[in-house]
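**Q** Provided herewith is a single structure, encoded as structure tokens, for subsequent inquiry.
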Amino acid sequence: MNTTHAIVSRIRQQYITLRMAEIFLMATGAGAFTASVLMLLNVAVPVTTIVSFVIGVLSATIRFFYLKLHQVTEYTIIRFLHTRYPELQASGDLLIRTGQEVNAVELLQRERMKAVLLRIADSVNLPNRLGFGAAFLVVSGLTFSAIYAFHDPAPLATESFTMNMPHALPPARVPRVLESYSITVTPPAYTGISPFNTRNFNLAAPEGSRITWSLRFTEADVRPLLVFASRDTVRLRAHDNAYKGHLTITANSFYQLVWTDSSTVSSDFYKLEMIPDREPVIRVEDLPQFTEVDYPAQSSIALRTTLSDDYGLADAWLIATVAKGSGESVKFREEKLSFTAPATIQGRNVTTQRTLDFTRLGMEPGDELYFYVEALDTKTPVPNRTRTETYFISLRDTAEVYATDDAGLGVDLMPEYFRSQRQLIIDTEKLLSKRKQLARHDFNFTSNELGYDQKVLRLRYGQFMGEEFESEIAPAEADHEEGDIKAEDVTKQFGHVHDTNNEHNLVAEKKDDHEHEKKPGEKENPLEAFAHTHDNAETATFYIQSTRAKLKAALTQMWDAELYLRLYEPEKSLPYQYKALALLKEISNDSRIYVHRTGFDPPPIKEDKRLTGDLKEVATGSDKSTVTLQEKYPDSKVALQRIDMLLASGARALQSADAQILQRAGQELAQAALEQPGRYLESLSAIRGLVDGRMDTTAFRPSLLLIRRALWSLIPREATRTTSQQSSAHTLTQTFIQQLDTQH
Amino acid sequence: MNTLTFHPIIHGAWLAAVSLVMLVAMLLIEWRRTTRWRPARLLACVAVTVGLLGIGSRPHTRQTTDATGILLTPNYTTAQVDSVLQAHPQATSWHLTGTPSYKGSIPCESYRMLPSGVRSLIVIGDGLPAYTQPYLPPVVFVPGPMPAGIVSIEQKQLPANRVNTLHGMFHNDGGTKWVVLEGPGGKEDSVRINNKGDQPFTLRLRTKSPGRLVYTVRVYADAELLTADPLPVQITPATTHRIFFRLSYPTAEARFLKNMLADQGHALTLRYQVTTNTYRDEFINTSPTPIGSSSSWLSNQDLVITDLYTLEHLSAQEQRQWNDAIRQGLGLVILADAASTQKLAWTQLAFSSNRTDTTSVMLESQRISVTQPVSLTADQSVQSLAINALGKPVTGYRFHGSGKIGFQLAQNTYTWMLKSKPDVYAAYWIPLIEAVMRTPEASSMVEVTTPFPVSTHDPVDVTLVTTQETPRIQADSLSVALAENLWLDGLWSGKTWFSSPGWHTFTTSDEGTEYVYVHASGTWNALRIAQQHDFLRRQAASFTSPEHASLPEVVTPVDSRWFYLLFLVGFALLWLVPKL
């Protein structure tokens, strides 16, 4: 490389360096500018950083390719020099030509140009926008610094608070006697909302917030009070030339500032709205409430739930209940499952996951899983708790379907017959009453038979307790007791079963094995003793612990009752039978759901009275009753009329009677305002202004219109009632109407 | 032809003598003066005297005119006047105060100041109110253009706690108009008027508490408010009555009806037949009393509700007593569920079985299915209340003496209550009960006969029907002079005026009260103009050609300011000339 070539190369390097510096300054400036804008818009810091960086890189790349820096060569530099330095005589390319022969003229010219190049090399002014880039960077940097330093991004808590605000609060009129004032709202710590000041006397604050009023009056000794709608009064205490008072908000209300001037003066009514801490919201994603699963083809279900709360979640879990078996022998197992992800439940919005593995839950085909999700929020001292509806997952039991459909199986799965406890008691007492008439053998036989029935009943109830193993007793005794069962069937036909409260079949009763009676001549099923039958699943009850205990106690009593019946001592058996019956009734009452009937429910007619035509007890009678009509908002209705009169007559002021009417209506309105604080406060203030005579004549009519509208909306819609038009008692009218009839 | 007449403030001879003496004296004084300008001074003396004479003698011009007068009222058009003048070139024109004059029309402060010589009057423009009728000669009416607005609106007392409708007519001069009804609680209803000309409309409003309220009817053209007029609404309170249920057996229908009426505070007496001569009685909101069927016992009831079986099995004596009681004003509602027999003939109602018993009725703007096993046989005298899809009555009544006999043909209406539709149930039963119920009688009834709207300073006509010998009515606190009708005893009429807008009261001496809302002038402009048009059209329809009579004269005073001026000029000359 010759000297001139090196010089040109150096100039090229200088140019590229300058341009790269320029690009850097501009790109940095663009990034800073972008960051400034995003900060102003309160965009999150990571997003701001990424977007600013991308904008910077993008602008640098664009500039780089716009300047075509990748294509800058020595010839580019020479062409540039030709434009700036005419003394090069457009012969600069001779200086960098290599590997080519040059003729004498070119050589001569090159030598001349070499001298020129050496002279100008150090003074070449390469084009660049370095100044602009630096200025742009400085401005952008300063902007960024200023925004970073002075812009106060809205704190998260305030965002949340604004988010929870049901609606914007209307500005309140501040009494003129107030020189200065401040109202500080301190929400509970768990909300994460920082205390904030407000200049609006209309307040909305999270539940449990402490509100502090600090008021400075233009006059001394005004003895200010805050009078709340709930009849509470807070006396403001003098402190550092200001009056201060505070209240913890626990309900919607409204209040007034009352002070003593020459007389007692009250302000407008101000709204005090409590923003309640809402319960957590749980949404189970992509899972219908009733799901049937082909097990074991599908052995698990991924459960995904979305939890959200206004201030934050504290915990959440799954309560899963596995139901196994069917009919009366259904068993339940309850488990509390935590979510696998995330490990701890925190934050306002959480998406949780849990895989319900049926195998690990010990489920088999035909089993069911009931579960619901429960969540707590961070509220103190008592957190809000919410739960979902119960979701049902059923593992399809194909075997059960086949068994039902297959008529060729030859097994009658209908439940067996057994006597009720009440019937046993009746039969035992009957046996005891006939003791003297019966032969000893017959007495003992019957007593033993009753003992057998007692056993069957015990086994039946034992199935509820999972004591199914006892059914194994049945096969051993089945043979010799077959005939007895038939004999009891005959007895049963004349009996009266009292085993439920639904004695008279007032409610359509589902026929189940409790009432099943064998038809005479019906063959005993030989497989009955070996079959394992469960009751209908629909009648199964999910017993609570006390019920289980009672049932267990009843079974114990049945054991003893059976014992004495087997020992031919039915009189000793009876107390146990009565105890067993009482316990069974208690269980029945504990678990039963009563459905109120709406129609006419006539009492049962005694059999011997039916169709006899006996009307002795049917006599003319009479009843008397009174319906008291209670008028709603009577004072508001009167006030509404009076206001309309005042508006129609163009009145400019209230009479004292009018003021009293309005005052009474205001009391009714105040009651309604407690429930809807924002709705009637303006009207209440207008009533107060009119009654106190503080309203000037220009505001009189608008105030009346405002009050009229409020009272109208307050008066509820009532049922349509009859009205009547009067007619004249004049003989002429009567004659005319009488004659009308004869015209037809 | 013009003639000059004088109306001197003192006797003419005295006035002439005084003027002559004054003239002679002044002329002598000025003649004797030695100052210059004698002729001018003498002329000034004459001018002063003539000026004074002119002021004192009050000269008038008298002009004979055409017997036809033209009265220009607001909103006349010049083309109309020109056309009329072309037909009656000699006719004299007057224009009412507030109406622009045209072609030398003479101002007329009141319709009562029209010259008595006018044999016929051509009224052009908006016209005159109906109360001018006694003072008008035969009229030919040339109506001016009708402005857009409400030209009629129903005025009636509305029952409380019900959706009521007000029908009206809107005159639209083109474009889309909105009629908006605003009540105490804000906007109640609105109607869009699209077509040109007179368009009927209906506004709905739900009344709440009884009393008197002023609604506002606003008319908008697009977003521009054209008019806002007050609409007085009188809401009548609910009333309670004595109702007797006499049923052959208890039914769910009767039970629900009983519950609804009991909740409304009515005094109910119920009797169900249990077996022969055995009854179950029930007294709700009333003291137990022996239940009878004598006319005197029934006269204490306002309404009897019974079923067809009971009615057809009344003894002959009971039937006679019931008939008498109804003719004296008692109401009877028959719950008909089967074809009637001849035993019902005394009610002049007959029912026949329906081949198809399913139909529907329109209640609360909903078409509701009902089971109607029987129909009323055609009876022109029946007033229908609810009609089915075939246009036949499901509920209705007919007059029977002073009372009414109503009928109800639907079955199982109580299921509407079970379906949580109490409004539908009430909309079905309440109109029937109200219509059939005994109408309370008042010894005096006041009625304002002046059509709506009544305005301040306009005469308000009131009629009173009373049994009193010397009735009195007070309008607010002022007594109204009453005149009894020449032919009808007990029918009185009077007239009064109210000076302030708002509600005003007519009170009779026996505490009967009638309210009237007096409007400020300028409201309900289109409605007033429509009424004026209607009145003058009716007047014009009764026009007959006037008899030929002597031509009327128009007397116009000569402006006295000219004589004052002459007097001042004369005196000014007399004062100025000596100083020249």
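By order of appearance in the structure tokens: chains A, B, ..., then residues from 1 within every chain, and ligands from 1 in the order shown.
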So that I can check the secondary structure, give me every residue of region 214-404 of chain A assigned helix (DSSP H, G or I) by backbone DSSP, as a list in words.
**A**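 Secondary structure check on region 214-404 of chain A, helix (DSSP H, G or I): Gly327, Glu328, Ser329, Thr398, Ala399, Glu400, Val401, Tyr402, Ala403 and Thr404 of chain A.
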**Q** Write out as a list in words the residues lying within 6 Å of region 88-105 of chain B, counting only C-alpha atoms and excluding same-chain residues fewer than 3 positions away.
**A**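 With the cut-off at 6 Å, the set is Asp66, Thr68, Gly69, Ile70, Leu71, Leu72, Thr73, Pro74, Leu85, Cys108 and Glu109 of chain B.
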**Q** Could you give me, as a tab-separated table, every chain B residue with an atom at most 7 Å from chain A, plus its closest atom pair and distance in Å to one decimal, counting only C-alpha atoms, rows ordered by chain then number?
**A**
```
residue	atom	partner	partner_atom	distance
B:Pro159	CA	A:Thr723	CA	6.3
B:Asn161	CA	A:Thr720	CA	5.3
B:Arg162	CA	A:Thr720	CA	5.9
B:Pro184	CA	A:Arg709	CA	5.4
B:Gly185	CA	A:Arg709	CA	4.5
B:Gly186	CA	A:Arg709	CA	7.0
B:Lys208	CA	A:Arg717	CA	6.5
B:Ser209	CA	A:Lys637	CA	6.4
B:Gly211	CA	A:Gln641	CA	6.3
B:Arg212	CA	A:Gln641	CA	6.5
B:Leu213	CA	A:Asp644	CA	5.8
B:Val214	CA	A:Asp644	CA	6.6
B:Thr236	CA	A:Thr723	CA	6.9
B:Pro237	CA	A:Thr723	CA	6.3
B:Ala238	CA	A:Thr723	CA	4.5
B:Thr239	CA	A:Thr723	CA	5.0
B:Ala262	CA	A:Val627	CA	6.4
B:Asp263	CA	A:Val627	CA	6.1
B:Gln264	CA	A:Arg721	CA	6.3
B:Gly265	CA	A:Leu629	CA	6.5
B:Thr278	CA	A:Thr620	CA	5.0
B:Tyr279	CA	A:Thr620	CA	4.8
B:Arg280	CA	A:Gly621	CA	5.2
B:Asp281	CA	A:Ser622	CA	4.3
B:Glu282	CA	A:Asp623	CA	4.7
B:Phe283	CA	A:Lys624	CA	4.6
B:Ile284	CA	A:Ser625	CA	4.8
B:Asn285	CA	A:Thr626	CA	4.5
B:Pro288	CA	A:Lys624	CA	7.0
B:Ser381	CA	A:His744	CA	6.9
B:Phe399	CA	A:Asp741	CA	6.2
B:His400	CA	A:Asp741	CA	5.8
B:Gly401	CA	A:Gln738	CA	4.7
B:Ser402	CA	A:Gln738	CA	5.6
B:Ala426	CA	A:Thr720	CA	6.2
B:Ile430	CA	A:Thr722	CA	6.0
B:Glu434	CA	A:Thr722	CA	6.0
B:Thr439	CA	A:Gln726	CA	5.9
B:Pro440	CA	A:Gln726	CA	5.1
B:Glu441	CA	A:Ser727	CA	4.8
B:Ala442	CA	A:Ser728	CA	5.1
B:Ser443	CA	A:Ala729	CA	5.2
B:Ser444	CA	A:Ser728	CA	6.4
B:Met445	CA	A:Ser728	CA	6.0
B:Val465	CA	A:His730	CA	6.9
B:Thr466	CA	A:His730	CA	6.1
B:Thr467	CA	A:His730	CA	5.8
B:Pro501	CA	A:Ser649	CA	6.1
B:Gly502	CA	A:Ala648	CA	4.7
B:Trp503	CA	A:Ala648	CA	7.0
```
**Q** Go ahead and save the residues from that selection, with N, CA and C atoms, as a compact mmCIF listing (two decimals), in the first residue's frame.
**A**
```
# COMPACT_ATOMS: atom_id res chain seq x y z
N PRO B 159 -106.67 6.98 37.73
CA PRO B 159 -106.56 6.22 38.97
C PRO B 159 -105.10 6.05 39.38
N ASN B 161 -101.62 4.39 40.90
CA ASN B 161 -100.89 3.11 40.78
C ASN B 161 -101.32 2.29 39.57
N ARG B 162 -101.37 2.92 38.44
CA ARG B 162 -101.78 2.22 37.23
C ARG B 162 -101.09 2.86 36.03
N PRO B 184 -93.09 14.15 37.42
CA PRO B 184 -92.25 14.57 38.55
C PRO B 184 -90.93 13.83 38.60
N GLY B 185 -90.93 12.60 38.09
CA GLY B 185 -89.71 11.81 38.14
C GLY B 185 -88.88 11.89 36.88
N GLY B 186 -89.26 12.73 35.96
CA GLY B 186 -88.51 12.83 34.70
C GLY B 186 -89.37 12.37 33.54
N LYS B 208 -98.65 7.19 40.56
CA LYS B 208 -98.28 6.61 41.87
C LYS B 208 -99.28 7.07 42.91
N SER B 209 -98.88 8.01 43.72
CA SER B 209 -99.76 8.42 44.82
C SER B 209 -100.86 9.34 44.30
N GLY B 211 -103.50 12.50 44.06
CA GLY B 211 -103.33 13.93 44.28
C GLY B 211 -103.35 14.67 42.97
N ARG B 212 -102.85 15.87 43.00
CA ARG B 212 -102.83 16.70 41.79
C ARG B 212 -101.38 17.04 41.46
N LEU B 213 -101.00 16.72 40.26
CA LEU B 213 -99.63 16.96 39.81
C LEU B 213 -99.66 17.69 38.49
N VAL B 214 -98.58 18.35 38.20
CA VAL B 214 -98.47 19.04 36.91
C VAL B 214 -97.34 18.40 36.13
N THR B 236 -106.80 10.01 41.17
CA THR B 236 -107.83 9.71 42.16
C THR B 236 -107.32 8.64 43.13
N PRO B 237 -107.70 8.75 44.37
CA PRO B 237 -107.22 7.78 45.36
C PRO B 237 -107.98 6.46 45.26
N ALA B 238 -107.38 5.44 45.84
CA ALA B 238 -108.08 4.14 45.90
C ALA B 238 -109.23 4.24 46.89
N THR B 239 -110.28 3.54 46.60
CA THR B 239 -111.44 3.54 47.50
C THR B 239 -111.73 2.11 47.93
N ALA B 262 -108.99 -8.31 49.75
CA ALA B 262 -108.74 -8.10 51.18
C ALA B 262 -107.48 -7.28 51.39
N ASP B 263 -106.46 -7.55 50.59
CA ASP B 263 -105.22 -6.78 50.70
C ASP B 263 -105.42 -5.32 50.35
N GLN B 264 -106.45 -5.04 49.58
CA GLN B 264 -106.73 -3.65 49.20
C GLN B 264 -107.61 -2.95 50.23
N GLY B 265 -108.01 -3.67 51.25
CA GLY B 265 -108.75 -3.04 52.33
C GLY B 265 -110.25 -3.09 52.17
N THR B 278 -126.04 -25.56 54.91
CA THR B 278 -124.83 -25.40 55.73
C THR B 278 -123.85 -24.52 54.96
N TYR B 279 -123.40 -23.49 55.65
CA TYR B 279 -122.56 -22.52 54.97
C TYR B 279 -121.30 -22.26 55.78
N ARG B 280 -120.32 -21.80 55.07
CA ARG B 280 -119.10 -21.33 55.72
C ARG B 280 -119.01 -19.84 55.46
N ASP B 281 -119.03 -19.04 56.51
CA ASP B 281 -118.99 -17.59 56.34
C ASP B 281 -117.61 -17.06 56.72
N GLU B 282 -117.25 -16.00 56.07
CA GLU B 282 -115.95 -15.39 56.35
C GLU B 282 -116.13 -13.88 56.28
N PHE B 283 -115.58 -13.21 57.27
CA PHE B 283 -115.69 -11.75 57.31
C PHE B 283 -114.27 -11.20 57.36
N ILE B 284 -113.95 -10.43 56.35
CA ILE B 284 -112.61 -9.85 56.30
C ILE B 284 -112.75 -8.34 56.27
N ASN B 285 -112.04 -7.69 57.15
CA ASN B 285 -112.05 -6.23 57.30
C ASN B 285 -113.44 -5.71 57.63
N PRO B 288 -118.47 -9.31 61.90
CA PRO B 288 -119.42 -10.36 61.53
C PRO B 288 -120.85 -9.89 61.77
N SER B 381 -126.44 -4.41 24.33
CA SER B 381 -126.41 -3.49 25.45
C SER B 381 -125.23 -3.72 26.39
N PHE B 399 -126.11 -2.35 32.12
CA PHE B 399 -126.86 -1.59 33.12
C PHE B 399 -128.14 -2.36 33.46
N HIS B 400 -128.48 -2.29 34.70
CA HIS B 400 -129.69 -2.94 35.18
C HIS B 400 -130.29 -2.00 36.22
N GLY B 401 -131.17 -1.13 35.77
CA GLY B 401 -131.65 -0.07 36.65
C GLY B 401 -130.50 0.86 36.95
N SER B 402 -130.36 1.21 38.23
CA SER B 402 -129.23 2.05 38.62
C SER B 402 -127.97 1.23 38.82
N ALA B 426 -104.47 -8.02 38.17
CA ALA B 426 -105.19 -6.80 38.57
C ALA B 426 -105.77 -6.11 37.34
N ILE B 430 -109.60 -5.65 38.21
CA ILE B 430 -109.92 -4.33 38.79
C ILE B 430 -110.87 -3.53 37.89
N GLU B 434 -114.39 -2.21 39.29
CA GLU B 434 -114.65 -0.77 39.30
C GLU B 434 -115.90 -0.41 38.50
N THR B 439 -121.95 2.93 42.33
CA THR B 439 -121.32 4.24 42.22
C THR B 439 -121.75 5.10 43.40
N PRO B 440 -120.79 5.60 44.16
CA PRO B 440 -121.16 6.45 45.29
C PRO B 440 -121.89 7.70 44.80
N GLU B 441 -122.87 8.12 45.56
CA GLU B 441 -123.65 9.30 45.16
C GLU B 441 -123.27 10.49 46.01
N ALA B 442 -123.18 11.60 45.34
CA ALA B 442 -122.87 12.84 46.04
C ALA B 442 -124.06 13.77 45.91
N SER B 443 -124.35 14.50 46.97
CA SER B 443 -125.52 15.40 46.92
C SER B 443 -125.27 16.56 45.97
N SER B 444 -124.01 16.90 45.78
CA SER B 444 -123.68 17.99 44.85
C SER B 444 -122.53 17.57 43.96
N MET B 445 -122.63 17.92 42.71
CA MET B 445 -121.53 17.64 41.80
C MET B 445 -121.21 18.89 41.00
N VAL B 465 -124.82 20.40 39.88
CA VAL B 465 -126.05 19.59 40.00
C VAL B 465 -126.19 19.28 41.47
N THR B 466 -127.27 19.72 42.06
CA THR B 466 -127.41 19.56 43.50
C THR B 466 -128.87 19.37 43.89
N THR B 467 -129.03 18.83 45.05
CA THR B 467 -130.39 18.69 45.58
C THR B 467 -130.70 19.81 46.56
N PRO B 501 -102.09 31.79 37.73
CA PRO B 501 -102.02 30.40 37.25
C PRO B 501 -101.85 29.44 38.43
N GLY B 502 -102.19 28.19 38.19
CA GLY B 502 -102.04 27.17 39.22
C GLY B 502 -103.37 26.50 39.50
N TRP B 503 -103.36 25.68 40.55
CA TRP B 503 -104.58 24.95 40.90
C TRP B 503 -105.54 25.87 41.65
```
**Q** Within 12 Å of Ala238 (chain A), counting only C-alpha atoms, which residues show up once you throw out same-chain ones fewer than 2 positions away? Write them as a list of chain:residue names, please.
**A**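 Everything that qualifies: A:Trp213, A:Ser214, A:Leu215, A:Arg216, A:Phe217, A:Ala220, A:Asp221, A:Val222, A:Arg223, A:Pro224, A:Leu225, A:Arg235, A:Leu236, A:Asp240, A:Asn241, A:Ala242, A:Tyr243, A:Lys244, A:Gly245.
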**Q** Distance CA of Thr286 (chain B)-CA of Phe256 (chain B), one decimal place?
**A**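 Distance between the two atoms: 18.5 Å.
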**Q** Excluding same-chain residues fewer than 6 positions from Phe535 (chain B), what lies within 12 Å of it counting only C-alpha atoms, as a list in words?
**A** Val123, Asp126, Gly127, Leu128, Pro129, Ala130, Tyr131, Thr132, Gln133, Leu136, Val139, Val140, Phe141, Pro143, Pro451, Arg528, Ile529, Ala541 and Ser542 of chain B
**Q** Residues at most 7 Å from region 360-369 of chain A, counting only C-alpha atoms, excluding those fewer than 3 positions away in the same chain, as a list in words?
**A** Tyr295, Ala320, Thr321, Val322, Ala323, Lys324, Gly325, Asp357, Phe392, Ile393, Ser394, Leu395, Arg396 and Asp397 of chain A
**Q** Could you turn the residues from that selection into a file that holds C-alpha atoms, as a PDB file, in the first residue's frame?
**A**
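For reference, selection-v4.pdb as written:
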```
ATOM      1  CA  TYR A 295     -61.534 -44.926  33.411  1.00  0.00           C
ATOM      2  CA  ALA A 320     -62.504 -33.467  47.213  1.00  0.00           C
ATOM      3  CA  THR A 321     -64.901 -36.196  48.253  1.00  0.00           C
ATOM      4  CA  VAL A 322     -64.620 -39.670  46.774  1.00  0.00           C
ATOM      5  CA  ALA A 323     -67.878 -41.615  46.746  1.00  0.00           C
ATOM      6  CA  LYS A 324     -67.505 -45.339  46.416  1.00  0.00           C
ATOM      7  CA  GLY A 325     -70.128 -48.004  46.163  1.00  0.00           C
ATOM      8  CA  ASP A 357     -55.259 -38.474  39.556  1.00  0.00           C
ATOM      9  CA  PHE A 392     -68.890 -33.934  39.809  1.00  0.00           C
ATOM     10  CA  ILE A 393     -66.575 -36.348  38.067  1.00  0.00           C
ATOM     11  CA  SER A 394     -67.971 -39.791  37.524  1.00  0.00           C
ATOM     12  CA  LEU A 395     -65.873 -42.778  36.443  1.00  0.00           C
ATOM     13  CA  ARG A 396     -68.036 -44.702  34.041  1.00  0.00           C
ATOM     14  CA  ASP A 397     -68.802 -48.227  35.229  1.00  0.00           C
TER      15      ASP A 397
END
```
**Q** How many Å lie between CA of Ile10 (chain B) and CA of Ile29 (chain B), rounded to one decimal?
**A**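 Separation of CA of Ile10 (chain B) and CA of Ile29 (chain B): 26.7 Å.
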**Q** Could you tell me how far CA of Phe351 (chain B) sits from CA of Ile334 (chain B), in Å to one decimal place?
**A** 10.8 Å
**Q** Quick one: residues within 7 Å of region 188-204 of chain B, only C-alpha atoms counted, chain neighbours fewer than 6 positions away excluded, as a VMD selection string?
**A** chain B and resid 163 to 182
**Q** Looking at only C-alpha atoms, which of A:Gly451, A:Leu94, A:Val47, A:Arg79 is the one that sits closest to Arg110 (chain A)?
**A**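 Answer, going by the shortest atom-to-atom distance: A:Leu94.
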